[in-house]
$ cat run_26.cif   # mmCIF, C-alpha atoms
data_run
#
loop_
_atom_site.label_atom_id
_atom_site.label_comp_id
_atom_site.auth_asym_id
_atom_site.auth_seq_id
_atom_site.Cartn_x
_atom_site.Cartn_y
_atom_site.Cartn_z
CA MET A 3 0.00 0.00 0.00
CA LYS A 4 2.85 2.35 0.80
CA ASP A 5 4.42 1.59 -2.57
CA LEU A 6 1.13 2.38 -4.37
CA ARG A 7 0.74 5.69 -2.54
CA LYS A 8 4.38 6.56 -3.17
CA LYS A 9 4.22 5.77 -6.89
CA THR A 10 0.92 7.64 -7.32
CA PHE A 11 2.34 10.69 -5.54
CA ILE A 12 5.59 10.66 -7.53
CA THR A 13 3.72 10.27 -10.84
CA ILE A 14 1.28 13.14 -10.25
CA PHE A 15 3.87 15.40 -8.64
CA GLY A 16 6.35 14.69 -11.44
CA ILE A 17 3.85 15.47 -14.21
CA ILE A 18 2.68 18.76 -12.64
CA SER A 19 6.26 19.79 -11.83
CA LEU A 20 7.34 19.02 -15.38
CA PHE A 21 4.57 21.25 -16.76
CA ALA A 22 5.60 24.04 -14.36
CA PHE A 23 9.26 23.90 -15.41
CA VAL A 24 8.34 23.65 -19.10
CA PHE A 25 6.12 26.73 -18.73
CA ALA A 26 8.95 28.65 -17.02
CA PHE A 27 11.36 27.54 -19.74
CA ILE A 28 9.05 28.60 -22.59
CA TYR A 29 8.38 31.93 -20.87
CA ASN A 30 12.12 32.67 -20.60
CA VAL A 31 12.73 31.57 -24.19
CA GLN A 32 10.07 34.01 -25.40
CA ILE A 33 11.48 36.84 -23.28
CA TYR A 34 14.97 36.10 -24.61
CA GLN A 35 13.81 36.05 -28.24
CA LYS A 36 11.99 39.36 -27.74
CA GLU A 37 15.09 41.03 -26.27
CA TYR A 38 17.35 39.52 -28.90
CA GLN A 39 15.14 40.86 -31.68
CA SER A 40 15.06 44.29 -30.03
CA VAL A 41 18.86 44.47 -29.89
CA LEU A 42 19.11 43.27 -33.49
CA ASN A 43 16.62 45.91 -34.64
CA ASN A 44 18.63 48.68 -32.99
CA ILE A 45 21.98 47.79 -34.52
CA THR A 46 20.53 47.20 -38.00
CA ARG A 47 18.30 50.31 -38.00
CA ILE A 48 21.30 52.59 -37.60
CA ARG A 49 22.80 51.16 -40.78
CA GLN A 50 19.62 51.83 -42.71
CA GLU A 51 19.36 55.39 -41.41
CA LEU A 52 23.04 56.20 -41.77
CA VAL A 53 22.67 57.89 -45.16
CA ASN A 54 19.16 59.29 -44.91
CA GLU A 55 19.12 60.93 -41.45
CA ASP A 56 21.16 63.16 -39.21
CA LEU A 57 22.57 60.55 -36.82
CA ASP A 58 23.75 63.17 -34.40
CA ASN A 59 20.14 63.84 -33.52
CA LYS A 60 19.02 60.21 -33.64
CA LYS A 61 18.17 59.11 -30.07
CA VAL A 62 17.46 55.58 -28.75
CA ILE A 63 15.53 55.42 -25.50
CA ASP A 64 15.70 51.74 -24.49
CA TYR A 65 19.41 51.05 -25.06
CA GLU A 66 22.77 52.78 -24.96
CA VAL A 67 23.71 52.92 -28.64
CA TYR A 68 26.92 54.38 -30.10
CA THR A 69 28.00 54.84 -33.70
CA PHE A 70 31.59 55.30 -34.87
CA ILE A 71 32.23 56.56 -38.42
CA LEU A 72 35.32 54.88 -39.88
CA ASP A 73 37.76 55.67 -42.65
CA SER A 74 39.03 53.14 -45.18
CA ASN A 75 41.62 51.90 -42.66
CA ASN A 76 39.00 51.37 -39.93
CA ASN A 77 40.20 54.37 -37.96
CA ILE A 78 37.57 56.23 -35.97
CA ILE A 79 36.97 59.67 -37.47
CA TYR A 80 33.65 60.54 -35.79
CA LYS A 81 31.77 59.42 -32.66
CA ILE A 82 28.02 59.62 -32.04
CA SER A 83 26.05 58.74 -28.87
CA HIS A 84 22.40 57.93 -29.47
CA SER A 85 21.53 57.96 -25.78
CA SER A 86 21.64 60.55 -23.04
CA ASN A 87 25.05 59.26 -21.92
CA GLY A 88 28.17 60.42 -23.66
CA ILE A 89 30.93 58.20 -25.01
CA ASP A 90 33.39 57.43 -22.22
CA ASN A 91 36.75 55.67 -22.36
CA LYS A 92 35.16 52.28 -21.65
CA VAL A 93 33.06 52.47 -24.81
CA LEU A 94 36.07 53.71 -26.80
CA ASN A 95 38.14 50.77 -25.57
CA ILE A 96 35.40 48.34 -26.57
CA ALA A 97 35.25 49.93 -30.04
CA ARG A 98 39.03 49.67 -30.47
CA LEU A 99 38.97 46.05 -29.28
CA ILE A 100 36.31 45.16 -31.86
CA LEU A 101 38.19 46.94 -34.66
CA ASN A 102 41.47 45.24 -33.76
CA ASN A 103 39.95 41.73 -33.63
CA SER A 104 37.44 41.86 -36.48
CA SER A 105 38.77 41.68 -40.03
CA LYS A 106 35.43 41.56 -41.83
CA SER A 107 32.01 43.16 -41.72
CA LYS A 108 29.56 41.37 -39.43
CA ILE A 109 26.79 41.62 -36.86
CA ARG A 110 27.53 40.03 -33.51
CA ILE A 111 25.10 39.80 -30.61
CA GLY A 112 26.26 36.73 -28.70
CA ASN A 113 24.49 35.17 -25.73
CA LEU A 114 22.54 37.94 -23.98
CA TYR A 115 22.81 36.11 -20.65
CA PHE A 116 26.59 36.62 -20.64
CA THR A 117 27.61 39.48 -22.99
CA ASN A 118 27.55 43.20 -22.20
CA TYR A 119 27.47 44.56 -25.74
CA ALA A 120 26.54 43.73 -29.33
CA TYR A 121 27.82 45.41 -32.49
CA ASN A 122 27.34 45.91 -36.21
CA LEU A 123 30.60 46.45 -38.10
CA SER A 124 30.89 47.63 -41.70
CA ASN A 125 34.61 47.85 -42.51
CA GLY A 126 35.64 51.27 -43.91
CA ASN A 127 32.19 52.61 -43.11
CA PHE A 128 30.89 52.51 -39.53
CA LEU A 129 30.69 50.57 -36.25
CA THR A 130 27.52 50.55 -34.14
CA ILE A 131 27.72 49.29 -30.56
CA VAL A 132 24.68 48.49 -28.40
CA SER A 133 25.18 48.06 -24.65
CA THR A 134 23.32 44.91 -23.52
CA ALA A 135 24.33 45.07 -19.84
CA LYS A 136 20.83 46.10 -18.75
CA THR A 137 19.34 43.42 -21.00
CA LYS A 138 21.58 40.82 -19.40
CA THR A 139 20.51 41.92 -15.93
CA PHE A 140 16.84 41.87 -16.95
CA LEU A 141 17.08 38.40 -18.48
CA LEU A 142 18.95 36.95 -15.51
CA MET A 143 16.46 38.44 -13.06
CA SER A 144 13.57 37.13 -15.17
CA LEU A 145 15.17 33.68 -15.19
CA PHE A 146 15.81 33.79 -11.47
CA TYR A 147 12.35 34.96 -10.42
CA SER A 148 10.46 32.68 -12.79
CA PHE A 149 12.22 29.57 -11.49
CA LEU A 150 12.02 30.87 -7.91
CA LEU A 151 8.25 31.05 -8.36
CA VAL A 152 8.27 27.51 -9.73
CA ILE A 153 10.26 26.24 -6.76
CA LEU A 154 7.98 28.03 -4.28
CA GLY A 155 5.04 26.67 -6.21
CA GLU A 156 6.46 23.17 -5.74
CA PHE A 157 5.66 23.41 -2.03
CA ILE A 158 2.02 24.26 -2.82
CA ILE A 159 1.95 21.52 -5.46
CA TYR A 160 3.36 19.07 -2.88
CA PHE A 161 0.45 19.55 -0.46
CA ILE A 162 -2.16 19.57 -3.23
CA VAL A 163 -0.77 16.36 -4.76
CA LYS A 164 -0.61 14.77 -1.32
CA LYS A 165 -4.33 15.43 -0.86
CA ILE A 166 -5.08 14.12 -4.37
CA THR A 167 -2.99 11.00 -3.72
CA ASP A 168 -4.85 10.30 -0.47
CA TRP A 169 -8.16 10.75 -2.29
CA ILE A 170 -7.16 8.41 -5.14
CA THR A 171 -5.65 5.68 -2.98
CA LYS A 172 -8.23 5.76 -0.18
CA PRO A 173 -10.62 3.21 -1.80
CA VAL A 174 -7.69 0.90 -2.55
CA GLU A 175 -6.36 1.29 0.99
CA MET A 176 -9.77 0.52 2.46
CA SER A 177 -10.03 -2.60 0.33
CA PHE A 178 -6.49 -3.62 1.27
CA ASN A 179 -7.20 -3.10 4.97
CA ARG A 180 -10.40 -5.13 4.72
CA GLU A 181 -8.41 -7.93 3.10
CA LYS A 182 -5.83 -7.85 5.91
CA GLU A 183 -8.58 -7.82 8.54
CA PHE A 184 -10.29 -10.74 6.84
CA VAL A 185 -7.06 -12.78 6.80
CA ALA A 186 -6.40 -12.02 10.47
CA ASN A 187 -10.00 -12.66 11.60
CA ALA A 188 -10.40 -15.82 9.50
CA SER A 189 -7.12 -17.18 10.84
CA HIS A 190 -8.22 -16.54 14.42
CA GLU A 191 -11.60 -18.15 13.79
CA LEU A 192 -10.01 -21.23 12.22
CA LYS A 193 -7.55 -21.64 15.06
CA THR A 194 -10.09 -22.99 17.57
CA PRO A 195 -11.85 -25.67 15.44
CA LEU A 196 -8.47 -26.75 14.13
CA ALA A 197 -7.19 -27.21 17.68
CA VAL A 198 -10.25 -29.36 18.44
CA MET A 199 -9.63 -31.45 15.31
CA MET A 200 -6.00 -32.04 16.21
CA ALA A 201 -6.91 -33.00 19.77
CA SER A 202 -9.51 -35.45 18.44
CA ILE A 203 -6.97 -36.97 16.05
CA ASP A 204 -4.55 -37.45 18.95
CA CYS A 205 -7.26 -39.39 20.77
CA LEU A 206 -8.00 -41.54 17.73
CA GLU A 207 -4.32 -42.43 17.43
CA VAL A 208 -4.69 -44.64 20.49
CA SER A 209 -6.59 -47.04 18.30
CA LYS A 210 -4.72 -48.73 15.44
CA LYS A 211 -7.83 -48.91 13.31
CA ASN A 212 -7.75 -46.79 10.17
CA GLU A 213 -4.21 -45.71 11.06
CA LYS A 214 -3.51 -44.66 7.45
CA TRP A 215 -6.44 -42.25 7.31
CA ILE A 216 -5.72 -40.87 10.73
CA ASN A 217 -2.12 -40.14 9.74
CA ASN A 218 -3.35 -38.38 6.61
CA LEU A 219 -5.74 -36.26 8.66
CA LYS A 220 -3.02 -35.41 11.14
CA SER A 221 -0.57 -34.46 8.37
CA GLU A 222 -3.06 -32.13 6.69
CA ALA A 223 -4.16 -30.69 10.03
CA ASP A 224 -0.53 -29.92 10.84
CA ARG A 225 -0.13 -28.23 7.46
CA MET A 226 -3.29 -26.17 8.03
CA ASN A 227 -2.10 -25.20 11.51
CA ASN A 228 1.24 -24.10 10.09
CA LEU A 229 -0.52 -22.04 7.38
CA ILE A 230 -2.80 -20.33 9.91
CA THR A 231 0.18 -19.55 12.13
CA ARG A 232 2.02 -17.97 9.19
CA LEU A 233 -1.07 -15.98 8.20
CA LEU A 234 -1.31 -14.62 11.75
CA ASP A 235 2.38 -13.76 11.65
CA LEU A 236 1.81 -11.97 8.34
CA ALA A 237 -1.14 -10.03 9.74
CA LYS A 238 0.93 -9.10 12.79
CA SER A 239 3.83 -7.87 10.66
CA GLU A 240 1.44 -5.70 8.61
CA ASN A 241 -0.72 -4.26 11.36
CA TYR A 242 0.80 -4.33 14.81
CA LEU A 243 4.41 -3.16 14.52
CA THR A 244 4.55 0.42 15.79
CA LYS A 245 7.26 2.57 17.31
CA GLU A 246 5.47 2.35 20.67
CA ASN A 247 6.61 -1.29 20.83
CA PHE A 248 10.23 -0.56 19.86
CA THR A 249 13.11 -0.94 22.31
CA ILE A 250 16.88 -0.72 22.09
CA ASN A 251 18.21 -4.18 21.16
CA ASP A 252 21.70 -5.64 20.96
CA LEU A 253 21.37 -6.76 17.35
CA SER A 254 24.76 -8.47 17.45
CA LEU A 255 23.69 -10.76 20.29
CA LEU A 256 20.27 -11.34 18.74
CA VAL A 257 21.72 -12.51 15.40
CA GLU A 258 24.33 -14.66 17.13
CA LYS A 259 21.65 -16.47 19.18
CA ARG A 260 19.46 -17.08 16.11
CA ALA A 261 22.43 -18.55 14.26
CA LEU A 262 23.18 -20.93 17.16
CA ILE A 263 19.54 -22.11 17.27
CA PHE A 264 19.64 -23.11 13.59
CA GLU A 265 23.01 -24.91 13.77
CA SER A 266 21.39 -28.28 14.52
CA LEU A 267 19.01 -27.94 11.56
CA ALA A 268 21.90 -27.00 9.29
CA PHE A 269 23.97 -29.91 10.62
CA GLU A 270 21.34 -32.39 9.34
CA LYS A 271 22.16 -31.24 5.78
CA ASN A 272 25.91 -31.08 6.47
CA ILE A 273 25.75 -27.30 6.22
CA VAL A 274 28.08 -25.09 8.24
CA ILE A 275 26.87 -21.73 9.54
CA GLU A 276 29.67 -19.15 9.69
CA THR A 277 29.12 -15.76 11.35
CA ASN A 278 30.97 -12.47 10.95
CA ILE A 279 29.22 -10.28 13.47
CA GLU A 280 30.45 -6.91 14.61
CA GLU A 281 29.99 -6.51 18.36
CA LYS A 282 27.78 -4.05 20.22
CA ILE A 283 25.49 -3.04 17.35
CA ASN A 284 22.45 -1.50 19.01
CA PHE A 285 19.24 -0.92 17.11
CA LEU A 286 15.83 0.51 18.00
CA GLY A 287 13.19 -2.01 16.97
CA HIS A 288 10.68 -4.70 17.91
CA LYS A 289 12.71 -7.54 19.40
CA GLU A 290 10.38 -10.46 18.58
CA SER A 291 9.97 -9.26 15.00
CA LEU A 292 13.71 -8.86 14.52
CA GLU A 293 14.21 -12.40 15.82
CA GLU A 294 11.55 -13.59 13.38
CA LEU A 295 13.29 -11.75 10.52
CA VAL A 296 16.68 -13.35 11.20
CA SER A 297 15.06 -16.78 11.66
CA ILE A 298 13.22 -16.51 8.32
CA LEU A 299 16.40 -15.57 6.45
CA ILE A 300 18.49 -18.33 8.01
CA ASP A 301 15.75 -20.95 7.57
CA ASN A 302 15.33 -19.88 3.95
CA ALA A 303 19.08 -20.17 3.37
CA ILE A 304 19.15 -23.69 4.84
CA SER A 305 16.13 -24.78 2.76
CA HIS A 306 17.72 -23.62 -0.49
CA SER A 307 21.34 -24.64 0.17
CA ILE A 308 23.03 -27.66 -1.33
CA ALA A 309 24.44 -30.30 1.02
CA ASP A 310 28.01 -29.90 2.30
CA SER A 311 27.99 -26.16 1.79
CA LYS A 312 28.33 -23.08 3.97
CA ILE A 313 25.97 -20.31 5.06
CA THR A 314 27.61 -16.99 5.92
CA ILE A 315 25.90 -14.44 8.15
CA ASN A 316 27.44 -10.96 8.14
CA LEU A 317 26.40 -8.11 10.42
CA SER A 318 28.19 -4.77 10.28
CA GLN A 319 27.54 -1.08 10.74
CA SER A 320 28.75 2.19 9.27
CA LYS A 321 28.10 5.76 10.35
CA TYR A 322 24.58 5.86 8.97
CA GLU A 323 23.38 2.28 8.48
CA ILE A 324 23.40 -1.34 9.67
CA LYS A 325 23.80 -4.14 7.14
CA LEU A 326 22.75 -7.77 7.61
CA GLU A 327 23.67 -10.35 4.96
CA VAL A 328 22.75 -14.03 4.77
CA ILE A 329 24.69 -15.78 2.01
CA ASN A 330 24.28 -19.37 0.87
CA LYS A 331 25.21 -21.61 -2.05
CA GLY A 332 22.35 -23.43 -3.75
CA ASP A 333 19.19 -22.46 -5.57
CA ILE A 334 19.87 -19.23 -7.43
CA ILE A 335 17.37 -16.38 -7.75
CA LEU A 336 16.42 -15.64 -11.33
CA GLU A 337 16.38 -12.04 -12.48
CA GLU A 338 12.59 -12.07 -12.96
CA ASP A 339 12.09 -13.47 -9.43
CA LYS A 340 14.03 -10.80 -7.52
CA GLU A 341 10.91 -8.84 -6.58
CA LYS A 342 8.37 -11.67 -6.76
CA ILE A 343 9.96 -13.73 -4.01
CA PHE A 344 8.81 -11.16 -1.44
CA GLU A 345 5.18 -11.43 -2.57
CA ARG A 346 2.69 -13.35 -0.46
CA PHE A 347 2.17 -16.99 -1.49
CA TYR A 348 4.79 -16.75 -4.25
CA ARG A 349 6.72 -20.02 -4.69
CA SER A 350 9.26 -20.42 -7.46
CA ASP A 351 9.30 -24.22 -6.95
CA LYS A 352 5.78 -25.26 -5.92
CA SER A 353 6.53 -28.98 -5.60
CA HIS A 354 9.55 -28.38 -3.37
CA ASN A 355 7.62 -26.05 -1.09
CA ARG A 356 4.67 -28.43 -0.87
CA LYS A 357 6.89 -31.21 0.44
CA SER A 358 8.69 -28.94 2.89
CA ASN A 359 5.42 -27.45 4.18
CA LYS A 360 6.24 -23.95 2.90
CA TYR A 361 3.62 -21.47 1.73
CA GLY A 362 5.59 -18.56 0.34
CA LEU A 363 4.78 -16.34 3.33
CA GLY A 364 8.13 -16.22 5.13
CA LEU A 365 9.85 -13.69 2.88
CA ALA A 366 6.66 -11.59 2.68
CA ILE A 367 6.71 -11.44 6.49
CA ALA A 368 10.42 -10.60 6.42
CA LYS A 369 9.80 -7.72 4.02
CA ASN A 370 6.99 -6.34 6.20
CA ILE A 371 9.23 -6.48 9.27
CA VAL A 372 12.07 -4.69 7.48
CA GLU A 373 9.81 -1.98 6.06
CA SER A 374 8.11 -1.44 9.43
CA HIS A 375 11.61 -0.62 10.72
CA HIS A 376 12.12 1.77 7.75
CA GLY A 377 14.71 -0.52 6.20
CA LYS A 378 15.23 -2.10 2.80
CA ILE A 379 15.61 -5.75 1.82
CA ARG A 380 16.76 -7.23 -1.46
CA ALA A 381 17.91 -10.58 -2.82
CA PHE A 382 20.22 -11.48 -5.67
CA SER A 383 22.49 -14.27 -6.91
CA LYS A 384 26.11 -13.81 -7.92
CA ASN A 385 28.83 -16.37 -8.68
CA ASP A 386 26.65 -19.33 -7.54
CA LEU A 387 25.91 -17.56 -4.25
CA THR A 388 22.55 -16.18 -3.16
CA VAL A 389 22.56 -13.08 -0.98
CA PHE A 390 19.74 -11.67 1.13
CA GLU A 391 20.70 -8.16 2.20
CA VAL A 392 18.92 -6.02 4.80
CA ILE A 393 19.79 -2.36 5.35
CA PHE A 394 18.59 -0.48 8.43
CA LYS A 395 19.11 3.25 8.94
CA LYS A 396 20.72 4.09 12.26
#

$ encode --input "run_26.cif" --output "C-alpha cells"
Amino acid sequence: MKDLRKKTFITIFGIISLFAFVFAFIYNVQIYQKEYQSVLNNITRIRQELVNEDLDNKKVIDYEVYTFILDSNNNIIYKISHSSNGIDNKVLNIARLILNNSSKSKIRIGNLYFTNYAYNLSNGNFLTIVSTAKTKTFLLMSLFYSFLLVILGEFIIYFIVKKITDWITKPVEMSFNREKEFVANASHELKTPLAVMMASIDCLEVSKKNEKWINNLKSEADRMNNLITRLLDLAKSENYLTKENFTINDLSLLVEKRALIFESLAFEKNIVIETNIEEKINFLGHKESLEELVSILIDNAISHSIADSKITINLSQSKYEIKLEVINKGDIILEEDKEKIFERFYRSDKSHNRKSNKYGLGLAIAKNIVESHHGKIRAFSKNDLTVFEVIFKK
C-alpha cells in the first residue's frame, strides 16, 4: 500500500512539476527572443538610417547605442552617442577592441545572458555598438524569479498532490485493509476448530484402526495449523508493529543467538553456519519481530542450500546504516524473481515447497518487518551464491 501511494504521488507530482518547469522555460525563451530581436533591430536600423538621417540627432531610449564613423583603414573619425550618456573611455576601448579583432564586416550579438554589448561592423564605413548590460541583468532576473516562483510553487503543489494521492488511494487502501482484517480474523476463527480437530486426532491415534487415514488427517491438520500460524504472523507484521513497541536491542547478540539455534538444523544437511558479526550493534526495533526476521532468512538459506555447503551471516555497521547479509550456495534467484519472491504466497518451486510445508509467506513477512523498521531488503544471486541483504538506517 505504501508503494502504491508513493508511486501515485511521484507520478502526479512529477507530471505537474514538469509542466511548471516547461512553462517557465518557454516563458524565458520568449522573453529572450523578444530582447534579442530588439537588440538586433537597434543595430541594424542605424545602418539603414546612416545615409538618410542626421545621426547626431538620432536618439534611442531603451538602449545605450553608439556609432563610430570609420575611414578606409578602420580608424575612428567621428563618434556619435544615441543615448543621453556620452561616449566614455570604456566604450572607446570596446570599439578599439572590436576593430582590432574583427577583419570583416559582421553583426555580432552573442548570448545575452553573458555578454555586455553587441555590435554591427561595416569595414571602412561605420561601427555601431549596443550596450546589452541592462538586457543581461533583466534576463537573468527574469530567469531567477520565474524559477524561484516555480520552486515556491512546488511546495504548494506538494500539499495539493498529497491530498489528491490520499483521495485516489483511499478506496484501494480501504479494500487492502479489509483484506488484511479478513485474513487475520479468519485465521483466528479457524484456530479454535483446528485445535479441536488435532486434539480429536490425537485421541483416535490410540486405536490402530484406520491408522492410514488418521495419519493423513493429522498431516493435513498440521499443514493447516502451520498455514494459519504464518497468516497470523503476516497479519501481525502488517498491522501491529509500531514505534510504541520498539526498544533498544543488541542486534549483534540477537543474530548470534538465532544462528546458534539453527546450527542443529543445518547440521542435518551437512551445512556449516559461519558468522561475521560486529559486536555491540544497538538498534531501535521490535525484538520479537527482529528475531523472526533473522530466523526466516536463516531458515530460507538452509532450505535452499546444497548439502556440504556453507551459510555466511554478516552483520556490520557504518556511520549511517546497519547491514545484515545471509549468504548461501544453492538455488539461485532468477532475475525475474528478484521482486516476486517477497510477494505473499509466491513459490518459485511449488513442488519443493509443498513437500517442505512452505507457503511462500516467510519472505513476505520478512519484508513487512524490514519496512516497518524503515529498512530495505533485497535478494540477488552472484557467482553461484545467493545473498539476502537487509539495510537499516541508524

$ atom_distance --input "run_26.cif" --atom1 "atom CA of A:Glu391" --atom2 "atom CA of A:Glu327"
4.6 Å

$ resolve_selection --input "run_26.cif" --expression "the PyMOL selection byres ((chain A and resi 251-265) around 9)" --output "VMD selection string"
chain A and resid 248 to 250 266 to 270 273 to 277 279 to 289 292 to 293 296 to 297 300 to 301 304 315 317 to 318

$ resolve_selection --input "run_26.cif" --expression "the PyMOL selection byres ((chain A and resi 122-138) around 7)" --output "ChimeraX atom specification"
/A:45,65-76,106-110,114-121,139-142

$ resolve_selection --input "run_26.cif" --expression "the PyMOL selection byres ((chain A and resi 11) around 9)" --output "MDAnalysis selection string"
chainID A and resid 6:10 12:16 160 163:164 166:168

$ residues_around --input "run_26.cif" --residues "stretch 332-342 of chain A" --least-positions-apart "2" --cutoff "9 Å" --atoms "all atoms listed in the file" --output "number ranges by chain"
A: 303, 306-309, 311, 330, 344-346, 348-350, 380-384, 386-388

$ atom_distance --input "run_26.cif" --atom1 "atom CA of A:Val372" --atom2 "atom CA of A:Lys271"
28.5 Å

$ atom_distance --input "run_26.cif" --atom1 "atom CA of A:Ile89" --atom2 "atom CA of A:Ile33"
28.9 Å

$ closest_residue --input "run_26.cif" --among "A:Ile100, A:Ile18, A:Ile393, A:Leu326" --to "A:Glu156" --atoms "only C-alpha atoms"
A:Ile18

$ closest_residue --input "run_26.cif" --among "A:Lys396, A:Ile170, A:Ala26, A:His376" --to "A:Ser320" --atoms "only C-alpha atoms"
A:Lys396

$ residues_near_point --input "run_26.cif" --point "(36.1, 55.5, -29.9)" --cutoff "7 Å" --atoms "all atoms listed in the file" --output "PyMOL selection string"
chain A and resi 70+78+81+93-95+97-98

$ axis_aligned_box --input "run_26.cif" --around "stretch 273-290 of chain A" --padding-each-side "3 Å" --output "JSON"
{"center_x": 20.7, "center_y": -13.4, "center_z": 13.2, "size_x": 26.6, "size_y": 33.8, "size_z": 20.0}
